[in-house]
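J.: Structure incoming, see below.
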Amino acid sequence: MKILYSCLSKSWGGMEMITLIFIRKLIERNYHVELLCAEESRMQIEANNLGIIIHPVKASGYVHPFTILKIASLIKNNNYDLVHTQASKDLWLLVPALKIASSQIPLFLTKQMGSFIVKKDFLHRFLYQRVTIAFAISTTIKNNLIGTTPLPANKIELLYNAVDVKKFDPVKTDRNKVRKEFNIADEEIVIGMIARFSPGKGHEEFLQSAKILSSKHKNLKIIVVGEASRGEDEYANNIKSLAEKLGINNIIFAGFRSDTPDVLSAFDIFIFPSHAEAFGIALIEAMAMERASVCANADGVLDIAVDDVTNLLFQNKNAEDLASKTELLINDGNKRLQMGKAARERVLKIFDLEIITDRTIEFYNKSLNNN
């Protein structure tokens, strides 16, 4: 099977990372996968470093006649069996290109982010009627697709994002590696979050709760992992300034880390305070690493977390409630261990990359058989 993946984003976050994870898994299973990506994007760099066959194109904005012709030629000359895009915006290029190439191959869309814009006008009906199946990564996104696009319900399937549980395995990591790097004592409890610096990720509530907890518990270390999103350096600087303003002296801004499993292994409690996350890849990574976690009771998190079993849920955007729920885990080491074990078990059953890849391939094969 020969597949053209598409992700024309110039940003670097969960959507872009999971695209490369799925491509690598399909290649590992001996599928031929190539990637359509934006020129001079982080996606182009990372995919190239992984040895993935890439086709960089100009993709800013919506109208690109020459890019459409280039993609049409690519599709016509390479005999792909199907196209799978991770971004609905890519449909503006892919659908006309498929039309020009006179190609009837299946077109899959994974909807990674919700939209507040209703897209049921003539142009969007033209785009979406070409979609074979749209995968929603959470129930929230499935409802969003039904409410904002002309897709019929029978063309929408719930298909979660996934985590490689062989890579995110607590047995394979060294808990002390990162703790030694930052001179964290054995008796200190590490509370951390991993997210790019972007509004809505919940950094403000995390810091406010850290101030509350640090005033009551002297054995805490707070770690913030992540880098600024494209064009959001000012926001990142504001968050660091807020930590200073709040007087949080036990905090480490660790920047971007490529050793996420080791970082998570160093944590005792993982915080996921995002206001409206479509899914939560960082959360299932932490759960796979058997970390006890506290997360906002909103949107895609509700497909992942089981309150008081695998995670503790706090009231979205409420720093006081976040501090209160986190304190339950600070005070109870056994609860942290039990919750961590239950969290990994849930990931193994539902969010394992092998399971999600199996389901994806089933949809591919079914569509090709019906084509």
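Residue names in the structure tokens use chain letters A, B, ... in the order shown, residue numbers from 1 in each chain, and ligand numbers from 1 in the order shown.
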Run DSSP on the backbone and grab whatever in segment 84-163 of chain A lands in strand (DSSP E); send it over as a PDB file with C-alpha atoms, in the first residue's frame.
T.:
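File selection_25.pdb, as written:
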```
ATOM      1  CA  HIS A  84      -4.483  10.887   4.567  1.00  0.00           C
ATOM      2  CA  THR A  85      -4.329  14.436   5.890  1.00  0.00           C
ATOM      3  CA  LEU A 107      -9.148  10.624   1.084  1.00  0.00           C
ATOM      4  CA  PHE A 108      -8.946  10.384   4.874  1.00  0.00           C
ATOM      5  CA  LEU A 109      -9.020  13.332   7.246  1.00  0.00           C
ATOM      6  CA  THR A 110      -7.937  13.182  10.874  1.00  0.00           C
ATOM      7  CA  LYS A 111      -9.522  16.102  12.698  1.00  0.00           C
ATOM      8  CA  ILE A 133     -13.799   9.045   6.284  1.00  0.00           C
ATOM      9  CA  ALA A 134     -13.028  11.698   8.883  1.00  0.00           C
ATOM     10  CA  PHE A 135     -11.368  10.450  12.059  1.00  0.00           C
ATOM     11  CA  ALA A 136     -12.216  12.383  15.224  1.00  0.00           C
ATOM     12  CA  ILE A 156     -17.172  10.187  10.974  1.00  0.00           C
ATOM     13  CA  GLU A 157     -15.293   7.659  13.095  1.00  0.00           C
ATOM     14  CA  LEU A 158     -13.872   8.035  16.593  1.00  0.00           C
TER      15      LEU A 158
END
```
J.: Got a sec: who's within 10 Å of Asp186 of chain A, counting only C-alpha atoms, leaving out chain neighbours fewer than 4 positions off, as a list in words?
T.: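 Near Asp186 of chain A, the qualifying residues are Asn176, Arg179, Lys180, Val190 and Asn219 of chain A.
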J.: May I have the selected residues written with C-alpha atoms, as an mmCIF file, in the first residue's frame?
T.:
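For reference, out-v3.cif as written:
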```cif
data_model
loop_
_atom_site.group_PDB
_atom_site.id
_atom_site.type_symbol
_atom_site.label_atom_id
_atom_site.label_comp_id
_atom_site.auth_asym_id
_atom_site.auth_seq_id
_atom_site.Cartn_x
_atom_site.Cartn_y
_atom_site.Cartn_z
ATOM 1 C CA ASN A 176 17.385 9.820 38.523
ATOM 2 C CA ARG A 179 16.647 14.695 38.764
ATOM 3 C CA LYS A 180 20.460 14.663 38.986
ATOM 4 C CA VAL A 190 8.465 16.938 41.565
ATOM 5 C CA ASN A 219 9.743 19.719 49.670
#
```
J.: Using only C-alpha atoms, which residue out of A:Gly333, A:Tyr80, A:Cys295, A:Arg196 lies closest to Asp321 of chain A?
T.: A:Cys295
J.: I'd like to know which of A:Leu94, A:Ser293, A:Ile21, A:Gln44 is closest to Thr67 of chain A, using only C-alpha atoms.
T.: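 Ranked by minimum distance to Thr67 of chain A, first place goes to A:Leu94.
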J.: I'd like to know which residues of segment 41-180 of chain A are helix (DSSP H, G or I) (by DSSP, run on the backbone); could you write them as a PyMOL selection string?
T.: chain A and resi 42-49+65-78+88-100+122-128+139-148+153-155+170-172+175-180
J.: Choose the residue, out of A:Gly300, A:Ala319, A:Lys10, A:Arg344, that has the smallest atom-to-atom separation from Thr139 of chain A; count only C-alpha atoms.
T.: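 Using only C-alpha atoms, the shortest distance to Thr139 of chain A belongs to A:Gly300.
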J.: Using only C-alpha atoms for the distances, tell me which of A:Ala72, A:Val63, A:Met287, A:Asn369 is nearest to Ile100 of chain A.
T.: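 Answer, going by the shortest atom-to-atom distance: A:Ala72.
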